[in-house]
Structure formats: C-alpha cells, structure tokens
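Participant: Take a look at the following structure, please.
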Number of protein chains: 2
Amino acid sequence: MDSTELPADSLMRVAVDLVILTVVDGVLHVALVTRGIAPFRGRPALPGGFVRADEDLAQAAQRELAEETGIELGSGHLEQLASYGAVGRDPRGRVVSVAHLALIPAERLRGGGDARTADWCPVDAVLADAGRLAFDHARVLADGLERAASKIEYTSVAASLCPPEFTVGQLREVYQAVWRRPVDPRNFHRKVTSAEDFLVPVPGGRSHGAGRPAQLYRVGPATLLRPPMDRQTIN
Amino acid sequence: MDSTELPADSLMRVAVDLVILTVVDGVLHVALVTRGIAPFRGRPALPGGFVRADEDLAQAAQRELAEETGIELGSGHLEQLASYGAVGRDPRGRVVSVAHLALIPAERLRGGGDARTADWCPVDAVLADAGRLAFDHARVLADGLERAASKIEYTSVAASLCPPEFTVGQLREVYQAVWRRPVDPRNFHRKVTSAEDFLVPVPGGRSHGAGRPAQLYRVGPATLLRPPMDRQTIN
DNA sequence: TCTTTAATCGTCAACTTGACGATTAACGCC
DNA sequence: GGCGTTAATCGTCAAGTTGACGATTAAAGA
C-alpha cells in the first residue's frame, strides 16, 4: 500500500455532496443545511461530507444521506451526478466533490430534529437567491435539477418521488413539480398507462379523498419509457 | 491554505481517465495505451493520469488528451463521464478517477509515434477481451460507450466524430458504428435534414468519390435533436 | 456504354401526440 | 337526498412522425 511513487501534488480531499429532492404538496423541495463552521458559516449548503478511507463513493453518499436526512433510501433513488474540482472551489484547500442526486418520497421525510438535520426548502425560493449557497453549490443544484427534469422524461424514476403505491394523479404532480410546468391530465394518463410495464395496477387499490377515486399503481419492471415524454413540447 | 482541520483520511489521489472514441472506415475505435509500469504492466488501459494541483478536472482531461493522442480538441467533444472510487480499484492506494468521454474526428488522428501515444483499437476487439483491461477500465469503457450511444440519440455530438464538413452518409456511418446497428439511409436522411437547425448545408459543397455526389453539411446551431432518434426502434 | 454505388426524393399505412369534449364517481354542504 | 365541486378516466380527431421500401439521379469504374 506504499504509494511513494505516486505524485504528491495529486493528493486531494474527496467529498460527496447531495442534491436531495422531494415533492411536498406539488412543490419541489431540496434539502439544505446551514453551515455551522467556516467557510460560508451561516450560509445554506447542500448536505455532504468527506469520503472516508474505507468506503466507496456510493457508500459515502448513502451515509451522508442517512446522517443528514435520516433517510435509509428505501424506495428512493440515488445516482451519481457529476464531479466538481475547480481549484479554488473550497478555500480550505483542494477538494474534489462527487455530487449525487437523490429522489425520495415526501412521506418518508422526518420532521427535522437536531442541528445536523437538513431543512426542506422550496426550490423556487432557493433559486431566487442562489447566490447565497455555499461553494459552487448553485451550479451543483442547477445540474441536479436539470438531471432530474431530463431523467423523468425517459425513465420511471419519477416514481421514486411517490409513495410505493400511488395514483396517476400523484405521479403527474411529480412531473409538474420537477418540470415547473402544467401537464394535461388526460394525455398524461394515456401515456403512462399505455406504456408497457411502466405502471402495474394494484388489484383493488383505489385512492380516497376528493374527486373520483383513482386506481393505485406501483412502478413496473420497465425502467425506460419509450418513446420518452418531451417536457419542451408537452402541452 | 492550511487545512489541518480537515479529516486526514479523506486525502486521496485524483486522476482522470479518458474514453476517446473515433470512427475509422465505419468502425468504432477506442484509444488505449499499454501500461509500461506496475500495476497491470503490459496490459491495455485507458489513457489517463493524475490531476495536478493547479488544474481543474476538465483541464487535466484536456492535457491528458493532448499528451496521449496529440489531439488539441478542435472540433472534437469532451465531457465528463463519471467518477470511480471503489476502495481497492488501484492497488497502489486510494485513487478516485474522474472519467471523461472524448469524441474526435478520424481525420485528426496522428499516426501513433512515441511510446506515450495511444493506439486505436476496434471497440469490438477490445470488448471481446475486456478482462485484459487494467483497473476497472472495462466498466469505464462500457459506461463511455453507453453514454456515446445514448447521447447521439438526442444531440448533435455525433458530428464531433466527423470532419467539420461532412455528408449525411458520413454522419450515418457514425451512428451505425456507435450503435452497432444498421440505419436506413432514406429515413436517416429525412430525419437529420428535416430537423430544424441540426445541419446547415455548405453552399456549393459536394462530396467526391463513388456514387452520386452528396451535399456537404456543417453542424447547425441546434445541439438537441427533437424528437430524438431511437436506437432501439430504428429499423 | 453498361454496371455499380450512393444520394435523395416519394409514398403509405401505422402510430403517437396535443387539444379538448364527455362521462363517472366520490366528497361536502345544504 | 339533491346539488355543486373535484378528479379520474374514456373518447375523438386532426396533425405530425416513423418504419418500410420503391424510384430516380448522378457520379465512378470497367
């Protein structure tokens, strides 16, 4: 394990940062912490932390997710987003951050408790004052939002933002929240229910609440939606 | 710049690896080097190297690209692919590699000279014996190929694998090479020429060679192709 | 000149999409 | 219990796109 033959100037700190998204009442929220230490003390930041010597990148991301949101990633989704390594992005020294994107259902939110816990902030409000975000987190967040918006076009990950059983209406709310754009209920219903293996109806499962009761669905075995939905054109 | 307050066990080496693709005579090739030092001495590997203290990730990738292929990335395309940080991926110690994908036109290839220069290998042959690749480069290559195949579905990056001026037929050859699948010339022609701002005809530009001369095009201002082409369905 | 090779234009039926009307089935309220 | 409200779901239709594939065109080479 001696690595004296390796160049010393490539020794850097490696961190993970998390763009954790959820949809509450039709509004997209992102998990943010308030930094308690310098640099950027008191400023909002994405949850994250340094990768430990004995864990890989995905493990570090899952650990931070659990530590800062109390979420164990059951029906949620976690994927690597991109890495950010500009020379001066952290004033403490060279830090390369491997950002991850997490999509979790609102029902699994824990009422923010201790100081370590992240707060859920409406994305619109955060973007309106993105300059306050620590480090290069404004860009990381923007990249995460773009990734989420494009990924639900052609995959079934949007269901990760819903409870395990959900209605077409709930799924549509997720699309509208992530795309920041209204989606026609009738065409959306036709699209997602006619896509093979995309949704599986729960036998006898019906929703409650106002309006006509809706069929409950679970995500189907198809992870890809073909042809994809087009957020530019839709409606 | 003192960073004593940061955890020491997150100090790692950061490298860039490159999946450099090009199409020669309708066949997809990837640039590989033969490792001259341990570990994996004598085995094929993706070009790459450690990130220096004064350069960011994209700069490191461009530097390695220039060093190992002599390519200055004119009309080519370079994007970040993903990061790989499994604990034991490099026996010399903890190394996190930020992989990049480069797509370059065949015409810019330099006849491999010195030992530092990479060799162009047909992708099929490399995949047939992917186990010989050093480190986790088999997975990195697979991810790069998948990225390239999916990205040309909905963007104009395929043109990065063509010379600055090219025919529809040349572009189609690129698609066929990357997708490993035949594409109908008539439908392909209709699709790419009718997509707004995707291709711009070069006034008076006509190809030579066998068969009816073809109109020459340049990439248009539109970077996205909507609706995308579907490599699953096409033909 | 004839054959071969590509490029490009056309045709057509099948499918998908956006727009939007109509119906259905619960809820809350009088 | 009847009524308005809210959603879900079904239908319709014209417009656009796609896959399959025929036909024509223009050059190179024999």
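Residues in the structure tokens are named by chain (A, B, ... in the order shown) and by number from 1 within that chain; ligands are numbered from 1 in the order shown.
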Return the neighbours of chain A among the residues of chain C, cut-off 8 Å, counting only C-alpha atoms (C1' of nucleotides), as a PyMOL selection string.

Facilitator: chain C and resi 18+24-27

Participant: Just all heavy atoms for this one: save the residues we selected as a short mmCIF file (atom, residue, chain, number, x, y, z; two decimals), in the first residue's frame.

Facilitator:
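After the write, result_13.cif holds the following:
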data_model
loop_
_atom_site.label_atom_id
_atom_site.label_comp_id
_atom_site.auth_asym_id
_atom_site.auth_seq_id
_atom_site.Cartn_x
_atom_site.Cartn_y
_atom_site.Cartn_z
P DG C 18 -47.50 15.79 -26.89
OP1 DG C 18 -46.24 16.49 -26.60
OP2 DG C 18 -48.13 14.94 -25.86
"O5'" DG C 18 -48.58 16.87 -27.33
"C5'" DG C 18 -48.31 17.70 -28.45
"C4'" DG C 18 -49.54 18.53 -28.77
"O4'" DG C 18 -50.58 17.66 -29.27
"C3'" DG C 18 -50.14 19.24 -27.56
"O3'" DG C 18 -50.60 20.52 -28.00
"C2'" DG C 18 -51.27 18.31 -27.12
"C1'" DG C 18 -51.74 17.74 -28.45
N9 DG C 18 -52.29 16.39 -28.38
C8 DG C 18 -51.87 15.36 -27.59
N7 DG C 18 -52.55 14.26 -27.76
C5 DG C 18 -53.49 14.59 -28.72
C6 DG C 18 -54.51 13.80 -29.33
O6 DG C 18 -54.79 12.63 -29.12
N1 DG C 18 -55.24 14.53 -30.28
C2 DG C 18 -55.00 15.84 -30.60
N2 DG C 18 -55.79 16.39 -31.52
N3 DG C 18 -54.05 16.59 -30.03
C4 DG C 18 -53.34 15.90 -29.11
P DT C 24 -71.47 7.97 -17.74
OP1 DT C 24 -71.87 6.62 -18.15
OP2 DT C 24 -72.47 8.99 -17.37
"O5'" DT C 24 -70.43 7.83 -16.56
"C5'" DT C 24 -69.15 7.28 -16.82
"C4'" DT C 24 -68.35 7.21 -15.53
"O4'" DT C 24 -67.71 8.48 -15.27
"C3'" DT C 24 -69.19 6.89 -14.30
"O3'" DT C 24 -68.48 5.98 -13.49
"C2'" DT C 24 -69.34 8.25 -13.62
"C1'" DT C 24 -68.02 8.92 -13.98
N1 DT C 24 -68.04 10.40 -14.03
C2 DT C 24 -66.96 11.08 -13.51
O2 DT C 24 -66.01 10.52 -13.01
N3 DT C 24 -67.03 12.44 -13.60
C4 DT C 24 -68.06 13.18 -14.16
O4 DT C 24 -68.02 14.41 -14.18
C5 DT C 24 -69.15 12.41 -14.68
C7 DT C 24 -70.32 13.11 -15.30
C6 DT C 24 -69.10 11.06 -14.60
P DA C 25 -69.28 5.12 -12.40
OP1 DA C 25 -68.83 3.72 -12.55
OP2 DA C 25 -70.71 5.47 -12.42
"O5'" DA C 25 -68.66 5.68 -11.04
"C5'" DA C 25 -67.25 5.73 -10.91
"C4'" DA C 25 -66.90 6.54 -9.68
"O4'" DA C 25 -66.96 7.94 -10.01
"C3'" DA C 25 -67.86 6.34 -8.51
"O3'" DA C 25 -67.07 6.28 -7.33
"C2'" DA C 25 -68.73 7.59 -8.53
"C1'" DA C 25 -67.72 8.61 -9.03
N9 DA C 25 -68.27 9.81 -9.65
C8 DA C 25 -69.39 9.93 -10.40
N7 DA C 25 -69.62 11.16 -10.82
C5 DA C 25 -68.56 11.89 -10.31
C6 DA C 25 -68.21 13.25 -10.39
N6 DA C 25 -68.93 14.16 -11.04
N1 DA C 25 -67.09 13.65 -9.75
C2 DA C 25 -66.37 12.74 -9.09
N3 DA C 25 -66.60 11.44 -8.94
C4 DA C 25 -67.72 11.08 -9.58
P DA C 26 -67.50 5.38 -6.12
OP1 DA C 26 -66.83 4.08 -6.19
OP2 DA C 26 -68.98 5.41 -5.99
"O5'" DA C 26 -66.78 6.16 -5.03
"C5'" DA C 26 -66.85 6.81 -4.00
"C4'" DA C 26 -66.21 8.18 -4.01
"O4'" DA C 26 -66.57 8.93 -5.18
"C3'" DA C 26 -66.77 8.94 -2.83
"O3'" DA C 26 -65.79 9.01 -1.82
"C2'" DA C 26 -67.13 10.29 -3.36
"C1'" DA C 26 -66.66 10.28 -4.82
N9 DA C 26 -67.67 10.92 -5.63
C8 DA C 26 -68.77 10.36 -6.21
N7 DA C 26 -69.51 11.21 -6.88
C5 DA C 26 -68.84 12.41 -6.73
C6 DA C 26 -69.11 13.71 -7.20
N6 DA C 26 -70.18 14.02 -7.96
N1 DA C 26 -68.25 14.68 -6.87
C2 DA C 26 -67.19 14.36 -6.12
N3 DA C 26 -66.82 13.19 -5.62
C4 DA C 26 -67.70 12.24 -5.96
P DC C 27 -66.33 9.38 -0.35
OP1 DC C 27 -65.35 8.88 0.62
OP2 DC C 27 -67.76 9.00 -0.24
"O5'" DC C 27 -66.25 10.97 -0.41
"C5'" DC C 27 -64.99 11.60 -0.71
"C4'" DC C 27 -65.15 13.10 -0.58
"O4'" DC C 27 -65.91 13.56 -1.74
"C3'" DC C 27 -65.91 13.51 0.66
"O3'" DC C 27 -65.22 14.53 1.37
"C2'" DC C 27 -67.25 14.01 0.14
"C1'" DC C 27 -66.96 14.40 -1.31
N1 DC C 27 -68.10 14.15 -2.20
C2 DC C 27 -68.61 15.20 -2.97
O2 DC C 27 -68.07 16.31 -2.90
N3 DC C 27 -69.69 14.98 -3.77
C4 DC C 27 -70.24 13.77 -3.82
N4 DC C 27 -71.29 13.60 -4.63
C5 DC C 27 -69.74 12.68 -3.05
C6 DC C 27 -68.67 12.91 -2.25
#

Participant: Using DSSP assignments from the backbone, pull out every residue in stretch 8-227 of chain A that falls under helix (DSSP H, G or I) and give it to me as number ranges by chain.

Facilitator: A: 8-10, 57-69, 106-108, 123-128, 130-132, 137-154, 157-161, 168-179, 185-194

Participant: Store the residues picked out above in a file with C-alpha atoms, as a PDB file, in the first residue's frame.

Facilitator:
ATOM      1  CA  ALA A   8       2.284  14.136  -4.228  1.00  0.00           C
ATOM      2  CA  ASP A   9       0.529  17.056  -5.874  1.00  0.00           C
ATOM      3  CA  SER A  10      -2.421  14.901  -6.893  1.00  0.00           C
ATOM      4  CA  LEU A  57     -18.371   6.976  -3.382  1.00  0.00           C
ATOM      5  CA  ALA A  58     -21.864   5.493  -3.325  1.00  0.00           C
ATOM      6  CA  GLN A  59     -21.447   4.358   0.257  1.00  0.00           C
ATOM      7  CA  ALA A  60     -20.307   7.813   1.299  1.00  0.00           C
ATOM      8  CA  ALA A  61     -23.328   9.342  -0.409  1.00  0.00           C
ATOM      9  CA  GLN A  62     -25.690   6.932   1.328  1.00  0.00           C
ATOM     10  CA  ARG A  63     -24.073   7.572   4.669  1.00  0.00           C
ATOM     11  CA  GLU A  64     -24.408  11.323   4.291  1.00  0.00           C
ATOM     12  CA  LEU A  65     -27.995  10.893   3.149  1.00  0.00           C
ATOM     13  CA  ALA A  66     -28.779   8.912   6.271  1.00  0.00           C
ATOM     14  CA  GLU A  67     -26.866  11.246   8.558  1.00  0.00           C
ATOM     15  CA  GLU A  68     -28.368  14.456   7.313  1.00  0.00           C
ATOM     16  CA  THR A  69     -31.898  13.420   6.490  1.00  0.00           C
ATOM     17  CA  ALA A 106     -42.256  13.014   0.679  1.00  0.00           C
ATOM     18  CA  GLU A 107     -43.889  10.554   3.037  1.00  0.00           C
ATOM     19  CA  ARG A 108     -40.513   9.397   4.272  1.00  0.00           C
ATOM     20  CA  VAL A 123     -36.618  25.023  -4.946  1.00  0.00           C
ATOM     21  CA  ASP A 124     -38.085  28.219  -6.346  1.00  0.00           C
ATOM     22  CA  ALA A 125     -37.143  30.143  -3.226  1.00  0.00           C
ATOM     23  CA  VAL A 126     -33.643  28.686  -3.245  1.00  0.00           C
ATOM     24  CA  LEU A 127     -33.080  29.543  -6.894  1.00  0.00           C
ATOM     25  CA  ALA A 128     -34.341  33.060  -6.329  1.00  0.00           C
ATOM     26  CA  ALA A 130     -28.978  31.001  -5.326  1.00  0.00           C
ATOM     27  CA  GLY A 131     -26.068  33.334  -4.703  1.00  0.00           C
ATOM     28  CA  ARG A 132     -26.316  32.595  -1.005  1.00  0.00           C
ATOM     29  CA  HIS A 137     -23.496  24.585  -4.835  1.00  0.00           C
ATOM     30  CA  ALA A 138     -25.638  26.838  -7.010  1.00  0.00           C
ATOM     31  CA  ARG A 139     -24.200  25.120 -10.031  1.00  0.00           C
ATOM     32  CA  VAL A 140     -24.428  21.663  -8.480  1.00  0.00           C
ATOM     33  CA  LEU A 141     -28.068  22.271  -7.649  1.00  0.00           C
ATOM     34  CA  ALA A 142     -28.773  23.541 -11.150  1.00  0.00           C
ATOM     35  CA  ASP A 143     -27.143  20.445 -12.617  1.00  0.00           C
ATOM     36  CA  GLY A 144     -29.130  18.217 -10.295  1.00  0.00           C
ATOM     37  CA  LEU A 145     -32.406  19.863 -11.220  1.00  0.00           C
ATOM     38  CA  GLU A 146     -31.628  19.554 -14.902  1.00  0.00           C
ATOM     39  CA  ARG A 147     -30.706  15.906 -14.459  1.00  0.00           C
ATOM     40  CA  ALA A 148     -33.930  15.185 -12.610  1.00  0.00           C
ATOM     41  CA  ALA A 149     -36.025  17.010 -15.190  1.00  0.00           C
ATOM     42  CA  SER A 150     -34.456  15.161 -18.086  1.00  0.00           C
ATOM     43  CA  LYS A 151     -34.335  11.775 -16.416  1.00  0.00           C
ATOM     44  CA  ILE A 152     -38.061  11.606 -15.732  1.00  0.00           C
ATOM     45  CA  GLU A 153     -38.576  12.163 -19.432  1.00  0.00           C
ATOM     46  CA  TYR A 154     -37.350   8.715 -20.322  1.00  0.00           C
ATOM     47  CA  VAL A 157     -37.521   7.410 -11.572  1.00  0.00           C
ATOM     48  CA  ALA A 158     -40.317   9.900 -11.000  1.00  0.00           C
ATOM     49  CA  ALA A 159     -41.992   7.113  -9.057  1.00  0.00           C
ATOM     50  CA  SER A 160     -39.158   7.405  -6.530  1.00  0.00           C
ATOM     51  CA  LEU A 161     -40.712  10.705  -5.535  1.00  0.00           C
ATOM     52  CA  VAL A 168     -51.617   8.614 -11.870  1.00  0.00           C
ATOM     53  CA  GLY A 169     -52.541  11.997 -10.466  1.00  0.00           C
ATOM     54  CA  GLN A 170     -49.817  11.844  -7.846  1.00  0.00           C
ATOM     55  CA  LEU A 171     -47.288  10.869 -10.472  1.00  0.00           C
ATOM     56  CA  ARG A 172     -48.434  13.745 -12.633  1.00  0.00           C
ATOM     57  CA  GLU A 173     -47.975  16.134  -9.731  1.00  0.00           C
ATOM     58  CA  VAL A 174     -44.365  14.995  -9.520  1.00  0.00           C
ATOM     59  CA  TYR A 175     -43.809  15.681 -13.195  1.00  0.00           C
ATOM     60  CA  GLN A 176     -45.357  19.099 -12.897  1.00  0.00           C
ATOM     61  CA  ALA A 177     -43.258  19.940  -9.864  1.00  0.00           C
ATOM     62  CA  VAL A 178     -39.977  18.810 -11.407  1.00  0.00           C
ATOM     63  CA  TRP A 179     -40.694  20.373 -14.784  1.00  0.00           C
ATOM     64  CA  PRO A 185     -54.133  15.089 -17.082  1.00  0.00           C
ATOM     65  CA  ARG A 186     -55.808  13.184 -19.899  1.00  0.00           C
ATOM     66  CA  ASN A 187     -52.807  12.895 -22.166  1.00  0.00           C
ATOM     67  CA  PHE A 188     -50.530  12.105 -19.249  1.00  0.00           C
ATOM     68  CA  HIS A 189     -52.868   9.373 -18.096  1.00  0.00           C
ATOM     69  CA  ARG A 190     -52.967   7.867 -21.566  1.00  0.00           C
ATOM     70  CA  LYS A 191     -49.196   7.983 -21.907  1.00  0.00           C
ATOM     71  CA  VAL A 192     -48.188   6.387 -18.620  1.00  0.00           C
ATOM     72  CA  THR A 193     -50.919   3.767 -18.535  1.00  0.00           C
ATOM     73  CA  SER A 194     -50.387   2.658 -22.095  1.00  0.00           C
TER      74      SER A 194
END

Participant: Contacts from chain D to chain B, 10 Å maximum, only C-alpha atoms (C1' of nucleotides): show me the residue list as a list in words.

Facilitator: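 Those within range of chain B come out as DT17, DT18, DG19, DA20, DC21, DT25, DA26, DA27, DA28 and DG29 of chain D.
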
Participant: Any chance you could export the current selection's C-alpha atoms (C1' of nucleotides) as a tab-separated table (two decimals), in the first residue's frame?

Facilitator:
chain	number	residue	atom	x	y	z
D	17	DT	C1'	-43.71	11.25	-37.15
D	18	DT	C1'	-41.98	6.75	-38.21
D	19	DG	C1'	-40.70	2.39	-40.49
D	20	DA	C1'	-40.73	0.06	-44.78
D	21	DC	C1'	-39.47	0.34	-49.12
D	25	DT	C1'	-30.45	10.59	-60.03
D	26	DA	C1'	-25.56	11.31	-60.67
D	27	DA	C1'	-21.10	10.01	-60.50
D	28	DA	C1'	-17.08	6.33	-60.83
D	29	DG	C1'	-15.12	2.39	-62.99

Participant: Kindly provide, as a VMD selection string, the residues of chain B having any atom no farther than 6 Å from an atom of chain A, counting only C-alpha atoms.

Facilitator: chain B and resid 1 3 9 to 14 50 to 53 56 to 57 85 to 87 92 to 93

Participant: Generate a file of the selected residues that holds N, CA and C atoms, formatted as a JSON list (two decimals), in the first residue's frame.

Facilitator:
[["chain", "number", "residue", "atom", "x", "y", "z"],
["B", 1, "MET", "N", -4.39, 28.64, 3.44],
["B", 1, "MET", "CA", -4.49, 27.37, 2.71],
["B", 1, "MET", "C", -4.22, 26.20, 3.64],
["B", 3, "SER", "N", -5.00, 23.33, 5.98],
["B", 3, "SER", "CA", -6.24, 22.55, 6.04],
["B", 3, "SER", "C", -6.15, 21.48, 7.11],
["B", 9, "ASP", "N", -8.19, 11.26, 6.60],
["B", 9, "ASP", "CA", -8.47, 10.02, 5.88],
["B", 9, "ASP", "C", -9.30, 10.26, 4.62],
["B", 10, "SER", "N", -9.60, 11.51, 4.31],
["B", 10, "SER", "CA", -10.27, 11.77, 3.03],
["B", 10, "SER", "C", -9.27, 12.25, 1.99],
["B", 11, "LEU", "N", -7.97, 12.23, 2.35],
["B", 11, "LEU", "CA", -6.94, 12.58, 1.38],
["B", 11, "LEU", "C", -6.76, 11.42, 0.41],
["B", 12, "MET", "N", -6.97, 11.69, -0.84],
["B", 12, "MET", "CA", -6.86, 10.64, -1.84],
["B", 12, "MET", "C", -6.22, 11.20, -3.09],
["B", 13, "ARG", "N", -5.81, 10.30, -3.95],
["B", 13, "ARG", "CA", -5.31, 10.77, -5.22],
["B", 13, "ARG", "C", -6.47, 10.87, -6.20],
["B", 14, "VAL", "N", -6.42, 11.91, -7.04],
["B", 14, "VAL", "CA", -7.48, 12.12, -8.02],
["B", 14, "VAL", "C", -6.86, 12.05, -9.41],
["B", 50, "PHE", "N", -2.80, 11.60, -13.32],
["B", 50, "PHE", "CA", -3.24, 12.29, -12.11],
["B", 50, "PHE", "C", -3.50, 13.77, -12.37],
["B", 51, "VAL", "N", -4.46, 14.26, -11.63],
["B", 51, "VAL", "CA", -4.79, 15.69, -11.72],
["B", 51, "VAL", "C", -3.74, 16.47, -10.94],
["B", 52, "ARG", "N", -3.27, 17.55, -11.52],
["B", 52, "ARG", "CA", -2.26, 18.34, -10.84],
["B", 52, "ARG", "C", -2.91, 19.39, -9.96],
["B", 53, "ALA", "N", -2.12, 19.89, -9.06],
["B", 53, "ALA", "CA", -2.66, 20.78, -8.03],
["B", 53, "ALA", "C", -3.21, 22.07, -8.62],
["B", 56, "ASP", "N", -7.95, 22.18, -13.03],
["B", 56, "ASP", "CA", -9.23, 21.57, -12.67],
["B", 56, "ASP", "C", -9.42, 20.29, -13.48],
["B", 57, "LEU", "N", -10.57, 19.66, -13.30],
["B", 57, "LEU", "CA", -10.75, 18.33, -13.90],
["B", 57, "LEU", "C", -10.76, 18.38, -15.42],
["B", 85, "GLY", "N", -14.58, 5.31, -7.66],
["B", 85, "GLY", "CA", -13.79, 5.43, -6.43],
["B", 85, "GLY", "C", -13.87, 4.23, -5.52],
["B", 86, "ALA", "N", -14.03, 3.04, -6.09],
["B", 86, "ALA", "CA", -14.04, 1.84, -5.24],
["B", 86, "ALA", "C", -12.73, 1.77, -4.47],
["B", 87, "VAL", "N", -12.82, 1.23, -3.28],
["B", 87, "VAL", "CA", -11.67, 1.28, -2.38],
["B", 87, "VAL", "C", -10.44, 0.59, -2.97],
["B", 92, "ARG", "N", -2.15, 0.55, -5.65],
["B", 92, "ARG", "CA", -1.15, 1.43, -5.05],
["B", 92, "ARG", "C", -1.71, 2.28, -3.93],
["B", 93, "GLY", "N", -3.01, 2.35, -3.83],
["B", 93, "GLY", "CA", -3.59, 3.21, -2.80],
["B", 93, "GLY", "C", -4.91, 3.76, -3.27]]

Participant: What are the DSSP strand (DSSP E) residues of stretch 54-225 of chain B, as a CSV table (one decimal) with N, CA, C and O atoms, in the first residue's frame?

Facilitator:
chain,number,residue,atom,x,y,z
B,77,HIS,N,-15.2,16.7,-29.1
B,77,HIS,CA,-16.1,16.9,-28.0
B,77,HIS,C,-15.5,16.2,-26.8
B,77,HIS,O,-15.0,15.1,-26.9
B,78,LEU,N,-15.6,16.9,-25.6
B,78,LEU,CA,-15.1,16.3,-24.4
B,78,LEU,C,-16.1,16.6,-23.3
B,78,LEU,O,-16.4,17.8,-23.1
B,79,GLU,N,-16.5,15.6,-22.6
B,79,GLU,CA,-17.4,15.8,-21.5
B,79,GLU,C,-17.1,14.9,-20.3
B,79,GLU,O,-16.5,13.8,-20.5
B,80,GLN,N,-17.4,15.3,-19.2
B,80,GLN,CA,-17.2,14.4,-18.0
B,80,GLN,C,-18.2,13.2,-18.1
B,80,GLN,O,-19.3,13.4,-18.5
B,81,LEU,N,-17.7,12.0,-17.7
B,81,LEU,CA,-18.5,10.8,-17.8
B,81,LEU,C,-19.0,10.4,-16.4
B,81,LEU,O,-20.2,10.5,-16.2
B,82,ALA,N,-18.1,10.0,-15.6
B,82,ALA,CA,-18.5,9.6,-14.2
B,82,ALA,C,-17.2,9.4,-13.4
B,82,ALA,O,-16.1,9.4,-14.0
B,83,SER,N,-17.4,9.3,-12.1
B,83,SER,CA,-16.2,9.1,-11.2
B,83,SER,C,-16.3,7.7,-10.7
B,83,SER,O,-17.3,7.2,-10.4
B,84,TYR,N,-15.1,7.1,-10.5
B,84,TYR,CA,-15.0,5.8,-10.0
B,84,TYR,C,-14.1,5.8,-8.8
B,84,TYR,O,-12.9,6.2,-8.9
B,95,VAL,N,-7.3,5.8,-5.1
B,95,VAL,CA,-7.4,6.7,-6.2
B,95,VAL,C,-8.8,6.8,-6.7
B,95,VAL,O,-9.5,5.8,-7.0
B,96,VAL,N,-9.3,8.1,-6.8
B,96,VAL,CA,-10.6,8.3,-7.4
B,96,VAL,C,-10.3,8.8,-8.8
B,96,VAL,O,-9.6,9.8,-9.0
B,97,SER,N,-11.0,8.2,-9.7
B,97,SER,CA,-10.8,8.6,-11.1
B,97,SER,C,-12.0,9.2,-11.7
B,97,SER,O,-13.1,8.7,-11.6
B,98,VAL,N,-11.8,10.4,-12.2
B,98,VAL,CA,-12.9,11.1,-12.9
B,98,VAL,C,-12.8,10.8,-14.4
B,98,VAL,O,-11.9,11.4,-15.1
B,99,ALA,N,-13.7,9.9,-14.9
B,99,ALA,CA,-13.6,9.6,-16.3
B,99,ALA,C,-14.2,10.6,-17.2
B,99,ALA,O,-15.2,11.2,-16.8
B,100,HIS,N,-13.6,10.7,-18.4
B,100,HIS,CA,-14.2,11.7,-19.4
B,100,HIS,C,-14.4,10.9,-20.7
B,100,HIS,O,-13.7,9.9,-20.9
B,101,LEU,N,-15.3,11.5,-21.5
B,101,LEU,CA,-15.6,10.9,-22.8
B,101,LEU,C,-15.2,11.9,-23.8
B,101,LEU,O,-15.6,13.1,-23.8
B,102,ALA,N,-14.4,11.5,-24.8
B,102,ALA,CA,-13.9,12.3,-25.9
B,102,ALA,C,-14.4,11.7,-27.2
B,102,ALA,O,-14.2,10.5,-27.4
B,103,LEU,N,-14.9,12.6,-28.0
B,103,LEU,CA,-15.3,12.1,-29.4
B,103,LEU,C,-14.6,13.0,-30.4
B,103,LEU,O,-14.7,14.2,-30.4
B,119,ASP,N,-2.8,3.8,-28.9
B,119,ASP,CA,-3.2,3.1,-30.1
B,119,ASP,C,-4.7,3.1,-30.3
B,119,ASP,O,-5.4,3.0,-29.3
B,120,TRP,N,-5.1,3.1,-31.5
B,120,TRP,CA,-6.5,3.0,-31.8
B,120,TRP,C,-6.9,1.5,-32.0
B,120,TRP,O,-6.4,0.8,-32.8
B,121,CYS,N,-7.9,1.1,-31.2
B,121,CYS,CA,-8.3,-0.3,-31.2
B,121,CYS,C,-9.7,-0.4,-31.5
B,121,CYS,O,-10.5,0.3,-31.0
B,122,PRO,N,-10.1,-1.3,-32.4
B,122,PRO,CA,-11.5,-1.5,-32.7
B,122,PRO,C,-12.3,-1.9,-31.4
B,122,PRO,O,-11.8,-2.8,-30.7
B,199,LEU,N,-28.5,20.5,-39.1
B,199,LEU,CA,-27.5,20.6,-40.1
B,199,LEU,C,-27.7,21.8,-41.0
B,199,LEU,O,-28.8,22.2,-41.3
B,200,VAL,N,-26.5,22.4,-41.4
B,200,VAL,CA,-26.6,23.5,-42.3
B,200,VAL,C,-25.8,23.1,-43.5
B,200,VAL,O,-24.7,22.8,-43.5
B,201,PRO,N,-26.5,23.2,-44.7
B,201,PRO,CA,-25.8,22.8,-45.9
B,201,PRO,C,-24.7,23.8,-46.2
B,201,PRO,O,-24.8,25.0,-46.0
B,202,VAL,N,-23.6,23.3,-46.8
B,202,VAL,CA,-22.5,24.2,-47.2
B,202,VAL,C,-22.8,24.6,-48.6
B,202,VAL,O,-22.9,23.7,-49.5
B,203,PRO,N,-22.9,25.9,-48.9
B,203,PRO,CA,-23.3,26.3,-50.3
B,203,PRO,C,-22.3,25.8,-51.3
B,203,PRO,O,-21.1,26.0,-51.2
B,204,GLY,N,-22.8,25.0,-52.3
B,204,GLY,CA,-21.9,24.5,-53.3
B,204,GLY,C,-21.0,23.3,-52.9
B,204,GLY,O,-20.3,22.8,-53.7
B,205,GLY,N,-21.1,23.0,-51.6
B,205,GLY,CA,-20.3,21.9,-51.1
B,205,GLY,C,-20.8,20.5,-51.6
B,205,GLY,O,-22.0,20.2,-51.2
B,206,ARG,N,-20.0,19.8,-52.3
B,206,ARG,CA,-20.5,18.4,-52.7
B,206,ARG,C,-19.3,17.4,-52.5
B,206,ARG,O,-18.2,17.8,-52.7
B,215,GLN,N,-24.5,16.3,-50.8
B,215,GLN,CA,-24.4,17.7,-50.2
B,215,GLN,C,-23.5,17.6,-49.0
B,215,GLN,O,-23.6,16.7,-48.2
B,216,LEU,N,-22.7,18.6,-48.8
B,216,LEU,CA,-21.9,18.8,-47.6
B,216,LEU,C,-22.6,19.6,-46.6
B,216,LEU,O,-23.3,20.6,-46.9
B,217,TYR,N,-22.5,19.2,-45.3
B,217,TYR,CA,-23.2,20.0,-44.2
B,217,TYR,C,-22.1,20.3,-43.1
B,217,TYR,O,-21.1,19.7,-43.0
B,218,ARG,N,-22.5,21.3,-42.3
B,218,ARG,CA,-21.9,21.5,-41.1
B,218,ARG,C,-22.9,21.4,-39.9
B,218,ARG,O,-24.1,21.4,-40.2
B,219,VAL,N,-22.4,21.2,-38.7
B,219,VAL,CA,-23.3,21.1,-37.6
B,219,VAL,C,-24.1,22.4,-37.5
B,219,VAL,O,-23.5,23.5,-37.6

Participant: By how many Å are atom CA of B:Val33 and atom CA of B:Val19 apart?

Facilitator: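 Pair atom CA of B:Val33 / atom CA of B:Val19 returns 11.3 Å.
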
Participant: Please provide as an MDAnalysis selection string all residues within 12 Å of C:DG21, with the sequence filter that same-chain residues fewer than 6 positions apart are discarded (counting only C-alpha atoms (C1' of nucleotides)).

Facilitator: (chainID A and resid 186) or (chainID D and resid 10:13)
